[in-house]
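Enquirer: Compact mmCIF, C-alpha atoms, saved as run-v5.txt, coming up:
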```txt
# COMPACT_ATOMS: atom_id res chain seq x y z
CA MET A 1457 67.86 -19.14 -77.66
CA LYS A 1458 68.02 -15.62 -76.32
CA ARG A 1459 64.28 -15.12 -76.96
CA ARG A 1460 63.44 -18.41 -75.15
CA ARG A 1461 65.48 -17.29 -72.14
CA GLY A 1462 63.49 -14.03 -72.02
CA GLN A 1463 60.16 -15.90 -72.15
CA LEU A 1464 61.20 -18.14 -69.26
CA ARG A 1465 62.28 -15.13 -67.18
CA ARG A 1466 58.95 -13.41 -67.78
CA ARG A 1467 57.01 -16.56 -66.80
CA VAL A 1468 58.99 -16.93 -63.58
CA VAL A 1469 58.44 -13.29 -62.68
CA ALA A 1470 54.72 -13.43 -63.54
CA THR A 1471 54.26 -16.63 -61.53
CA ALA A 1472 56.03 -15.08 -58.55
CA VAL A 1473 53.92 -11.91 -58.72
CA VAL A 1474 50.66 -13.87 -59.07
CA GLY A 1475 51.63 -16.19 -56.21
CA PHE A 1476 52.56 -13.24 -54.05
CA VAL A 1477 49.29 -11.46 -54.76
CA LEU A 1478 47.21 -14.61 -54.16
CA LEU A 1479 48.93 -15.33 -50.87
CA TRP A 1480 48.36 -11.81 -49.56
CA THR A 1481 44.78 -11.82 -50.82
CA VAL A 1482 44.08 -14.91 -48.69
CA VAL A 1483 45.76 -13.31 -45.69
CA PHE A 1484 43.85 -10.08 -46.21
CA VAL A 1485 40.48 -11.83 -46.49
CA GLN A 1486 41.17 -13.86 -43.37
CA MET A 1487 42.18 -10.80 -41.38
CA ALA A 1488 39.29 -8.76 -42.69
CA THR A 1489 36.77 -11.39 -41.58
CA GLY A 1490 38.31 -11.45 -38.10
CA ASN A 1491 39.85 -14.88 -38.38
CA ASP A 1492 43.35 -13.95 -37.39
CA PRO A 1493 45.06 -17.28 -36.75
CA ALA A 1494 47.44 -15.66 -34.26
CA LEU A 1495 44.46 -14.84 -31.96
CA GLY A 1496 43.01 -18.34 -31.75
CA THR A 1497 39.55 -19.39 -32.91
CA GLY A 1498 37.24 -17.03 -34.69
CA THR A 1499 34.50 -17.43 -32.03
CA ALA A 1500 36.60 -16.03 -29.22
CA THR A 1501 37.57 -13.09 -31.34
CA ARG A 1502 33.95 -12.18 -32.03
CA SER A 1503 33.09 -12.48 -28.34
CA ALA A 1504 35.83 -10.09 -27.36
CA ALA A 1505 34.75 -7.63 -29.98
CA LYS A 1506 31.15 -7.74 -28.74
CA GLN A 1507 32.17 -7.12 -25.14
CA LYS A 1508 34.01 -3.97 -26.15
CA ARG A 1509 30.87 -2.69 -27.84
CA LEU A 1510 28.59 -3.08 -24.78
CA PRO A 1511 27.31 0.43 -24.27
CA SER A 1512 26.18 0.73 -20.65
CA PRO A 1513 27.46 -0.40 -17.24
CA GLN A 1514 24.21 -2.34 -16.70
CA ARG A 1515 24.79 -4.39 -19.84
CA ARG A 1516 28.42 -4.96 -18.93
CA SER A 1517 27.36 -6.23 -15.54
CA LEU A 1518 25.35 -8.93 -17.22
CA GLN A 1519 28.43 -10.66 -18.61
CA PRO A 1520 29.77 -12.38 -15.48
CA ALA A 1521 26.35 -13.62 -14.40
CA VAL A 1522 25.60 -15.48 -17.61
CA PRO A 1523 28.52 -16.41 -19.87
CA PRO A 1524 27.91 -15.65 -23.52
CA PRO A 1525 26.95 -18.66 -25.60
CA SER A 1526 30.24 -18.57 -27.49
CA GLU A 1527 32.23 -19.03 -24.26
CA ARG A 1528 30.08 -21.94 -23.18
CA GLU A 1529 30.73 -23.55 -26.51
CA ASP A 1530 34.47 -23.09 -26.00
CA ASP A 1531 34.26 -24.83 -22.62
CA GLU A 1532 32.74 -27.84 -24.27
CA SER A 1533 35.49 -27.84 -26.91
CA THR A 1534 32.97 -27.69 -29.70
CA PRO A 1535 34.71 -27.63 -33.06
CA VAL A 1536 34.54 -24.32 -34.86
CA GLU A 1537 32.93 -25.93 -37.85
CA THR A 1538 29.86 -27.05 -35.85
CA GLU A 1539 29.13 -23.73 -34.04
CA PRO A 1540 25.84 -22.02 -34.83
CA SER A 1541 25.67 -19.23 -37.33
CA GLU A 1542 26.50 -15.70 -36.26
CA ALA A 1543 22.84 -14.71 -36.52
CA GLY A 1544 21.91 -17.60 -34.21
CA ILE A 1545 24.50 -16.57 -31.64
CA GLU A 1546 23.25 -13.00 -31.76
CA ALA A 1547 19.65 -14.11 -31.24
CA GLU A 1548 20.62 -16.34 -28.33
CA ARG A 1549 22.69 -13.60 -26.74
CA ALA A 1550 19.83 -11.12 -27.10
CA GLU A 1551 17.45 -13.57 -25.44
CA VAL A 1552 19.83 -14.21 -22.54
CA GLU A 1553 20.32 -10.49 -22.06
CA ARG A 1554 16.58 -9.84 -22.18
CA ILE A 1555 15.89 -12.44 -19.51
CA GLU A 1556 18.70 -11.14 -17.34
CA ILE A 1557 17.54 -7.54 -17.67
CA GLU A 1558 14.01 -8.56 -16.71
CA ARG A 1559 15.37 -10.38 -13.65
CA LEU A 1560 17.44 -7.36 -12.58
CA GLU A 1561 14.48 -5.04 -13.09
CA ALA A 1562 12.26 -7.31 -11.00
CA GLU A 1563 14.86 -7.31 -8.24
CA ALA A 1564 15.10 -3.53 -8.40
CA ARG A 1565 11.33 -3.23 -8.10
CA GLU A 1566 11.43 -5.52 -5.07
CA ARG A 1567 13.87 -3.14 -3.41
CA GLU A 1568 11.77 -0.09 -4.28
CA GLU A 1569 9.84 1.55 -1.49
CA LEU A 1570 6.09 1.19 -1.64
CA GLU A 1571 4.41 4.55 -1.96
CA PRO A 1572 3.80 6.02 1.50
CA LEU A 1573 0.30 6.66 2.82
CA THR A 1574 -0.89 9.25 5.30
CA THR A 1575 -3.11 8.62 8.27
CA GLY A 1576 -5.13 11.60 9.44
CA GLN A 1577 -8.23 12.21 11.46
CA SER A 1578 -10.96 9.98 10.12
CA MET B 255 4.85 -6.46 -11.19
CA SER B 256 2.81 -3.25 -11.18
CA GLU B 257 0.99 -1.19 -8.58
CA ALA B 258 -2.62 -0.27 -9.26
CA ARG B 259 -3.90 2.77 -7.38
CA ARG B 260 -7.32 4.34 -7.03
CA ARG B 261 -8.44 7.42 -5.13
CA PHE B 262 -12.08 8.33 -4.78
CA GLU B 263 -14.58 9.98 -2.46
CA CYS B 264 -16.33 7.69 -0.02
CA PHE B 265 -17.34 7.69 3.66
CA GLY B 266 -17.28 11.49 3.70
CA GLY B 267 -13.62 11.67 2.73
CA LEU B 268 -11.02 10.27 0.37
CA VAL B 269 -10.30 6.58 0.03
CA THR B 270 -7.02 5.33 -1.45
CA LEU B 271 -6.47 1.79 -2.69
CA SER B 272 -3.09 0.45 -3.68
CA VAL B 273 -2.49 -3.09 -4.95
CA LEU B 274 0.88 -4.45 -6.05
CA GLY B 275 0.98 -7.62 -8.10
CA PRO B 276 1.97 -9.25 -11.37
CA ALA B 277 -0.16 -8.54 -14.39
CA SER B 278 -1.43 -12.13 -14.30
CA MET B 279 -3.21 -11.36 -11.00
CA GLU B 280 -4.93 -8.34 -12.57
CA PRO B 281 -4.37 -5.78 -9.80
CA GLU B 282 -6.34 -3.14 -11.75
CA ARG B 283 -9.37 -5.37 -11.81
CA ALA B 284 -9.00 -6.10 -8.08
CA THR B 285 -8.87 -2.40 -7.18
CA ALA B 286 -11.95 -1.76 -9.31
CA ALA B 287 -13.80 -4.52 -7.44
CA ALA B 288 -12.59 -3.11 -4.11
CA GLU B 289 -13.81 0.37 -5.06
CA ALA B 290 -17.21 -1.00 -6.02
CA ARG B 291 -17.39 -2.86 -2.70
CA LEU B 292 -16.55 0.26 -0.67
CA LEU B 293 -19.02 2.48 -2.53
CA ALA B 294 -21.76 -0.10 -2.04
CA ALA B 295 -20.89 -0.33 1.66
CA HIS B 296 -21.05 3.46 1.93
CA ARG B 297 -24.56 3.47 0.46
CA GLN B 298 -25.51 0.76 2.92
CA LEU B 299 -23.98 2.16 6.11
CA SER B 300 -24.04 5.96 5.80
CA ARG B 301 -26.16 7.67 8.43
CA PHE B 302 -26.38 10.69 6.14
CA LEU B 303 -28.34 8.78 3.50
CA PRO B 304 -31.95 8.41 4.62
CA ASP B 305 -32.45 5.26 2.57
CA SER B 306 -29.32 3.46 3.71
CA GLU B 307 -29.88 0.19 5.54
CA LEU B 308 -28.36 1.74 8.67
CA SER B 309 -30.76 4.69 8.59
CA ARG B 310 -33.68 2.29 8.16
CA LEU B 311 -32.43 0.21 11.07
CA ASN B 312 -32.11 3.30 13.27
CA ARG B 313 -35.71 4.29 12.43
CA ASP B 314 -37.12 0.78 12.74
CA PRO B 315 -39.58 0.51 15.65
CA ARG B 316 -39.13 -3.26 15.96
CA ARG B 317 -36.90 -4.71 18.65
CA ARG B 318 -35.55 -7.38 16.30
CA VAL B 319 -34.59 -6.28 12.80
CA PRO B 320 -33.38 -8.58 9.99
CA ALA B 321 -30.16 -7.23 8.50
CA ASP B 322 -27.54 -7.82 5.84
CA PRO B 323 -24.32 -9.52 7.07
CA LEU B 324 -22.35 -6.27 6.77
CA LEU B 325 -24.80 -4.45 9.03
CA LEU B 326 -24.65 -7.38 11.44
CA ARG B 327 -20.88 -7.00 11.57
CA LEU B 328 -21.20 -3.25 12.18
CA ALA B 329 -23.63 -3.77 15.06
CA SER B 330 -21.40 -6.46 16.49
CA ALA B 331 -18.34 -4.23 16.21
CA ALA B 332 -20.21 -1.38 17.91
CA GLY B 333 -20.98 -3.61 20.87
CA GLU B 334 -17.42 -4.93 21.01
CA ALA B 335 -15.98 -1.38 20.96
CA GLY B 336 -18.08 -0.50 23.98
CA GLU B 337 -17.13 -3.75 25.71
CA LEU B 338 -13.38 -3.34 25.06
CA THR B 339 -13.25 0.27 26.25
CA GLY B 340 -15.67 -0.08 29.13
CA GLY B 341 -18.10 2.20 27.32
CA LEU B 342 -15.68 5.03 26.60
CA VAL B 343 -15.96 4.41 22.85
CA ASP B 344 -19.71 4.32 22.45
CA PRO B 345 -21.05 4.12 18.87
CA THR B 346 -24.65 4.50 20.05
CA LEU B 347 -24.49 8.24 20.73
CA LEU B 348 -26.05 9.22 17.42
CA GLY B 349 -28.74 11.40 18.98
CA GLU B 350 -26.15 13.24 21.04
CA ILE B 351 -23.80 13.88 18.12
CA GLU B 352 -26.64 15.24 15.99
CA ALA B 353 -27.68 17.44 18.90
CA ALA B 354 -24.09 18.71 19.07
CA GLY B 355 -24.36 19.83 15.44
CA TYR B 356 -22.94 16.97 13.35
CA ARG B 357 -25.88 16.38 11.00
CA ASP B 358 -24.23 16.06 7.61
CA SER B 359 -21.03 14.50 6.29
CA MET B 360 -19.03 17.78 6.33
CA GLN B 361 -17.16 16.46 3.32
CA GLY B 362 -14.77 19.08 2.01
CA ARG B 363 -15.81 21.60 4.64
CA PRO B 364 -12.90 23.22 6.51
CA PRO B 365 -12.96 23.12 10.30
CA ALA B 366 -14.86 26.06 11.77
CA ARG B 367 -12.01 27.12 14.00
CA PRO B 368 -8.89 25.07 13.49
CA PRO B 369 -7.65 23.93 15.86
CA ALA B 370 -10.54 23.50 18.26
CA GLU B 371 -9.60 25.38 21.38
CA PRO B 372 -9.93 23.31 24.51
CA ARG B 373 -11.60 24.77 27.52
CA ALA B 374 -11.33 22.91 30.79
CA VAL B 375 -9.83 19.54 29.96
CA ALA B 376 -10.74 16.26 31.63
CA PRO B 377 -10.78 12.61 30.65
CA ALA B 378 -14.08 11.39 29.23
CA GLY B 379 -16.33 9.14 31.30
CA ARG B 380 -18.79 6.33 30.70
CA SER B 381 -22.45 6.76 29.92
CA SER B 382 -24.80 5.46 32.57
CA ALA B 383 -27.21 4.30 29.85
CA ARG B 384 -24.69 1.76 28.46
CA SER B 385 -26.68 1.55 25.23
CA TRP B 386 -23.88 -0.29 23.47
CA ALA B 387 -24.37 -3.21 25.87
CA LYS B 388 -27.98 -3.56 24.70
CA LEU B 389 -26.98 -4.37 21.13
CA SER B 390 -26.93 -8.01 20.20
CA VAL B 391 -26.58 -9.90 16.94
CA ASP B 392 -28.30 -13.15 16.04
CA TRP B 393 -25.89 -14.46 13.41
CA ARG B 394 -27.87 -17.55 12.61
CA ALA B 395 -31.14 -15.69 12.01
CA GLY B 396 -29.38 -12.67 10.49
CA ALA B 397 -30.97 -10.12 12.80
CA ILE B 398 -30.04 -7.29 15.16
CA GLU B 399 -31.75 -6.96 18.51
CA ARG B 400 -31.85 -3.74 20.52
CA PRO B 401 -34.44 -1.63 22.29
CA PRO B 402 -36.11 0.64 19.70
CA GLY B 403 -34.59 4.11 19.84
CA ILE B 404 -30.99 2.97 20.19
CA GLU B 405 -29.23 4.26 17.10
CA ILE B 406 -25.85 3.26 15.73
CA ASP B 407 -23.36 5.80 14.41
CA SER B 408 -21.26 4.07 11.77
CA GLY B 409 -18.51 6.73 12.09
CA GLY B 410 -14.95 5.44 12.16
CA ILE B 411 -16.02 1.91 12.98
CA ALA B 412 -17.45 1.38 9.49
CA LYS B 413 -14.26 2.72 7.90
CA GLY B 414 -12.07 0.36 9.90
CA LEU B 415 -14.42 -2.54 9.31
CA LEU B 416 -14.46 -1.98 5.55
CA ALA B 417 -10.70 -1.40 5.36
CA ASP B 418 -10.26 -4.85 6.91
CA GLU B 419 -12.88 -6.45 4.69
CA VAL B 420 -11.35 -5.08 1.50
CA GLY B 421 -7.91 -6.03 2.82
CA ALA B 422 -9.13 -9.62 3.09
CA MET B 423 -10.27 -9.42 -0.55
CA LEU B 424 -6.74 -8.38 -1.56
CA ALA B 425 -4.77 -10.65 0.76
CA GLU B 426 -3.34 -12.85 -2.01
CA PHE B 427 -1.53 -9.95 -3.67
CA PRO B 428 2.13 -9.38 -2.74
CA ALA B 429 1.29 -5.99 -1.21
CA TYR B 430 -1.81 -3.88 -0.71
CA ALA B 431 -2.99 -0.84 1.21
CA VAL B 432 -6.54 0.26 1.91
CA ASP B 433 -6.86 3.78 3.30
CA CYS B 434 -10.45 4.58 4.26
CA CYS B 435 -10.12 8.27 5.10
CA GLY B 436 -7.32 7.65 7.59
CA ASP B 437 -8.26 4.16 8.77
CA VAL B 438 -5.58 2.15 7.01
CA ARG B 439 -5.16 -1.58 6.47
CA ILE B 440 -1.79 -2.80 5.21
CA GLY B 441 -0.90 -6.34 4.16
CA GLY B 442 0.09 -8.73 1.41
CA SER B 443 1.76 -12.08 0.85
CA ALA B 444 5.24 -10.56 0.37
CA GLY B 445 5.32 -8.99 3.85
CA ARG B 446 6.72 -5.72 2.50
CA GLN B 447 6.75 -2.71 4.77
CA ARG B 448 5.01 0.50 3.84
CA GLU B 449 5.60 3.91 5.35
CA ILE B 450 2.58 5.51 7.02
CA ARG B 451 2.95 9.22 7.72
CA VAL B 452 1.02 10.72 10.60
CA GLU B 453 -0.70 13.99 9.77
CA ASP B 454 -0.11 17.09 11.86
CA PRO B 455 -3.45 18.02 13.47
CA PHE B 456 -2.47 21.67 13.23
CA GLY B 457 -1.84 21.53 9.48
CA GLY B 458 1.95 21.32 9.24
CA GLU B 459 4.22 18.65 7.81
CA PRO B 460 3.65 15.03 8.94
CA ILE B 461 4.77 14.71 12.54
CA CYS B 462 6.31 11.26 12.17
CA SER B 463 6.10 8.09 10.16
CA LEU B 464 5.46 4.45 11.02
CA ARG B 465 6.42 1.33 9.10
CA VAL B 466 3.82 -1.40 8.77
CA SER B 467 3.86 -4.65 6.81
CA ASP B 468 0.69 -6.24 8.15
CA GLY B 469 -1.89 -4.56 10.35
CA GLY B 470 -4.03 -1.51 10.84
CA VAL B 471 -3.38 2.16 11.57
CA ALA B 472 -6.02 4.72 12.49
CA THR B 473 -6.10 8.30 13.68
CA SER B 474 -8.76 10.11 15.64
CA GLY B 475 -8.70 13.78 16.49
CA VAL B 476 -10.69 16.84 17.35
CA THR B 477 -9.35 19.39 14.87
CA ARG B 478 -10.76 18.24 11.52
CA ARG B 479 -14.43 17.42 11.96
CA SER B 480 -15.00 20.44 14.14
CA TRP B 481 -17.51 23.26 14.07
CA GLU B 482 -18.95 26.04 16.17
CA GLY B 483 -21.52 24.77 18.61
CA ALA B 484 -24.00 26.62 20.77
CA GLY B 485 -22.78 30.11 21.71
CA GLY B 486 -19.83 29.81 19.32
CA ALA B 487 -18.14 27.20 21.47
CA PRO B 488 -15.80 24.83 19.65
CA ALA B 489 -17.35 21.44 18.97
CA HIS B 490 -16.20 18.22 17.35
CA HIS B 491 -17.37 14.66 16.70
CA LEU B 492 -15.74 12.77 19.59
CA LEU B 493 -18.19 12.85 22.44
CA ASP B 494 -17.72 12.29 26.12
CA PRO B 495 -20.27 9.52 26.78
CA ALA B 496 -20.79 10.81 30.33
CA THR B 497 -22.00 14.22 29.17
CA GLY B 498 -22.99 13.59 25.54
CA ARG B 499 -20.96 16.65 24.56
CA PRO B 500 -17.64 17.01 22.70
CA ALA B 501 -14.75 15.79 24.81
CA PHE B 502 -11.72 17.97 25.55
CA THR B 503 -9.28 15.71 27.28
CA GLY B 504 -5.91 17.34 26.57
CA VAL B 505 -5.21 14.94 23.67
CA VAL B 506 -6.06 16.47 20.30
CA GLN B 507 -5.03 13.54 18.12
CA ALA B 508 -4.25 9.87 18.69
CA THR B 509 -2.85 7.43 16.15
CA ALA B 510 -3.03 3.73 16.95
CA LEU B 511 -1.39 0.65 15.50
CA ALA B 512 -3.30 -2.61 15.85
CA PRO B 513 -3.72 -5.99 14.16
CA SER B 514 -6.73 -4.63 12.25
CA ALA B 515 -7.94 -1.22 11.09
CA LEU B 516 -11.13 -1.64 13.11
CA LEU B 517 -9.20 -2.27 16.30
CA ALA B 518 -6.83 0.58 15.50
CA ASP B 519 -9.80 2.94 15.14
CA VAL B 520 -11.21 1.88 18.50
CA HIS B 521 -7.83 2.19 20.25
CA ALA B 522 -7.23 5.64 18.77
CA LYS B 523 -10.59 6.94 20.02
CA TRP B 524 -10.09 5.25 23.38
CA ALA B 525 -6.67 6.88 23.80
CA LEU B 526 -7.98 10.32 22.91
CA LEU B 527 -10.95 10.09 25.25
CA SER B 528 -8.80 8.80 28.12
CA GLY B 529 -6.65 11.93 28.38
CA PRO B 530 -2.85 12.31 28.37
CA GLU B 531 -2.17 10.21 31.45
CA LEU B 532 -4.02 7.07 30.45
CA ALA B 533 -3.73 7.41 26.67
CA PRO B 534 -0.41 5.50 26.33
CA SER B 535 -1.95 2.50 28.10
CA ARG B 536 -4.74 2.49 25.46
CA LEU B 537 -2.23 1.89 22.69
CA PRO B 538 -0.90 -1.63 23.38
CA HIS B 539 0.41 -2.03 19.83
CA GLY B 540 1.99 1.41 19.77
CA GLY B 541 1.02 4.77 18.35
CA VAL B 542 1.47 8.51 18.45
CA LEU B 543 -0.25 11.12 20.61
CA VAL B 544 -0.50 14.85 20.00
CA LEU B 545 -1.35 16.86 23.07
CA ALA B 546 -3.24 20.13 23.28
CA ASP B 547 -0.01 22.03 23.96
CA GLY B 548 1.43 20.70 20.68
CA GLY B 549 3.62 18.06 22.31
CA VAL B 550 4.08 14.79 20.41
CA GLU B 551 4.44 11.53 22.31
CA THR B 552 5.40 8.27 20.60
CA VAL B 553 4.07 5.17 22.34
CA VAL B 554 6.24 2.08 22.05
CA PRO B 555 4.26 -1.14 21.47
CA ARG B 556 3.92 -3.48 24.43
CA THR B 557 2.32 -6.21 22.31
CA PRO B 558 3.68 -6.89 18.83
CA ILE B 559 1.11 -6.90 16.07
CA GLU B 560 0.25 -10.37 14.92
CA THR B 561 -1.49 -11.22 11.71
CA ALA B 562 -5.10 -10.16 11.85
CA ALA B 563 -8.00 -11.65 9.99
```
Re-express the file's structure as structure tokens.
Expert:
Amino acid sequence: MKRRRGQLRRRVVATAVVGFVLLWTVVFVQMATGNDPALGTGTATRSAAKQKRLPSPQRRSLQPAVPPPSEREDDESTPVETEPSEAGIEAERAEVERIEIERLEAEAREREELEPLTTGQS
Amino acid sequence: MSEARRRFECFGGLVTLSVLGPASMEPERATAAAEARLLAAHRQLSRFLPDSELSRLNRDPRRRVPADPLLLRLASAAGEAGELTGGLVDPTLLGEIEAAGYRDSMQGRPPARPPAEPRAVAPAGRSSARSWAKLSVDWRAGAIERPPGIEIDSGGIAKGLLADEVGAMLAEFPAYAVDCCGDVRIGGSAGRQREIRVEDPFGGEPICSLRVSDGGVATSGVTRRSWEGAGGAPAHHLLDPATGRPAFTGVVQATALAPSALLADVHAKWALLSGPELAPSRLPHGGVLVLADGGVETVVPRTPIETAA
């Protein structure tokens, strides 16, 4: 009787420890992958992280002109499950940035002064 | 969009071409074609090349001489320059200018005595011979008519004429500039302005700058193509048609704006030969005058430049 009581106690303790560990493992994995439920959807979290990493003022200035693909998806209330893969988003973002940089460079060239000439005695 | 530039020797000086356009329009290729056109025109119109078509025309004993369209245009422009200026700009004084000592291109040669020192100054006058009025062009037959012995000096007129012609070749590009040794044609479909600096005839920094988006700019003066004439007297290439000798009018350099480079060249010479009092009236589209005492006078345009052909 005494031995059976000890076995039951050990099972309860082991189950509690395993359950505790499993629960925190799930939480840890979710946090580590950036899917903190307290911060909303995973997409928005990645977008914010990317914006912080933008290195130069020129690149930062691109953001208001063309919203990142992830934000456009949010506006259309696209379910998280159907969003493109992270690699796809990156490729699309890079393409948008490339086009925008080309446009800004073209505008800058338009504003550039043409090289002066000199008129002298012919 | 990229700007193709070329700089090469032609017409006894340096020619600069600048063409701005997208890669799809091949601006490099266009500048190469423009360079080839200008070099061919130089071989055709130089009076310093004995085999040029102009030299052959000047030697030709016939009254009526068949000619290439470019030479027809040069002869026509020579007559029009005389007509416009009442004979003050006379491109038929070749014999006189050779007699004054200008027998080779003087390319790269420094002026004999910079600046040419004026003696008694007076506005230039017209030639009684009016040879320019005896030039006529039969466009349909492709021939030039003139009394044998009348010779054409291509001089600045050819540079202005070719700057305009090459400008027309490049007109579809967003921006272009053709600088034929100081006779400049600016234009392009984008209407962008370009700064044109005016050289100091006495060798200092540019005296001022003009902004042109479509039109011509040309400068004539007496301090660069100058040499020592008979008795060591200063001489230069702008002749007084009344005397056939170098003109000292009190204006040492005139820069003219005009709808075309050819017209700008004629107006610049006309202003210089007219002397300080009348010179501003010879620059209807504006310009800059440098007087013998070093004074600089900017002439405000009375007639805005309109798009030229």
Enquirer: Considering all atoms listed in the file, can you say which of B:Val520, B:Asp547, B:Ala489, B:Pro513 comes closest to Phe456 (chain B)?
Expert: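 Under the stated criterion, the closest residue is B:Asp547.
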Enquirer: Give the answer as one residue: which of B:Ala335, B:Leu545, B:Leu268, B:Leu347 has the shortest atom-to-atom distance to chain A, using all atoms listed in the file?
Expert: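 That would be B:Leu268, the residue with the smallest distance to chain A.
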Enquirer: Using only C-alpha atoms for the distances, tell me which of A:Glu1563, A:Glu1546, A:Asp1492, A:Glu1571 is nearest to chain B.
Expert: A:Glu1571
Enquirer: What lies within 12 Å of Leu324 (chain B) using all atoms listed in the file, ignoring chain neighbours under 2 positions off, as a list in words?
Expert: Arg291, Leu292, Ala294, Ala295, His296, Arg297, Gln298, Leu299, Glu307, Leu308, Pro320, Ala321, Asp322, Leu326, Arg327, Leu328, Ala329, Ser330, Ala331, Val391, Trp393, Gly396, Ala397, Ile398, Ser408, Ala412, Leu415, Leu416 and Glu419 of chain B
Enquirer: Can you list, as a list of chain:residue names, every protein, DNA or RNA residue that comes within 8 Å of Ile461 (chain B) when you count all atoms listed in the file, leaving out same-chain residues fewer than 3 positions away?
Expert: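 Within the cut-off, the hits are B:Arg451, B:Val452, B:Glu453, B:Asp454, B:Gly458, B:Val550.
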Enquirer: Residues of chain B near chain A: apply a cut-off of 6 Å, count only C-alpha atoms, and supply the list as an MDAnalysis selection string.
Expert: chainID B and resid 435:436 448:453 473:475
Enquirer: For a test of reading the model, state the distance in Å between CA of Val505 (chain B) and CA of Leu543 (chain B), rounded to one decimal.
Expert: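 These atoms are spaced 7.0 Å apart.
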Enquirer: Starting from the incomplete input, reconstruct N, CA and C atoms of region 468-479 of chain B and write that as a compact mmCIF listing (two decimals), in the coordinates of the input.
Expert:
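Done, and the output landed in out-v9.txt:
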```
# COMPACT_ATOMS: atom_id res chain seq x y z
N ASP B 468 1.96 -5.53 8.04
CA ASP B 468 0.69 -6.24 8.15
C ASP B 468 -0.04 -5.74 9.38
N GLY B 469 -1.15 -5.06 9.20
CA GLY B 469 -1.89 -4.56 10.35
C GLY B 469 -2.68 -3.32 10.00
N GLY B 470 -3.20 -2.69 11.03
CA GLY B 470 -4.03 -1.51 10.84
C GLY B 470 -3.44 -0.29 11.52
N VAL B 471 -3.77 0.87 10.98
CA VAL B 471 -3.38 2.16 11.57
C VAL B 471 -4.60 3.07 11.47
N ALA B 472 -4.89 3.78 12.55
CA ALA B 472 -6.02 4.72 12.49
C ALA B 472 -5.71 5.94 13.34
N THR B 473 -6.31 7.05 12.96
CA THR B 473 -6.10 8.30 13.68
C THR B 473 -7.44 8.94 14.01
N SER B 474 -7.57 9.36 15.25
CA SER B 474 -8.76 10.11 15.64
C SER B 474 -8.30 11.45 16.21
N GLY B 475 -9.10 12.47 15.99
CA GLY B 475 -8.70 13.78 16.49
C GLY B 475 -9.88 14.73 16.56
N VAL B 476 -9.60 15.89 17.11
CA VAL B 476 -10.69 16.84 17.35
C VAL B 476 -10.54 18.12 16.52
N THR B 477 -9.58 18.14 15.60
CA THR B 477 -9.35 19.39 14.87
C THR B 477 -9.91 19.39 13.45
N ARG B 478 -10.27 18.24 12.91
CA ARG B 478 -10.76 18.24 11.52
C ARG B 478 -12.28 18.34 11.45
N ARG B 479 -12.96 17.36 11.98
CA ARG B 479 -14.43 17.42 11.96
C ARG B 479 -14.87 18.24 13.16
```
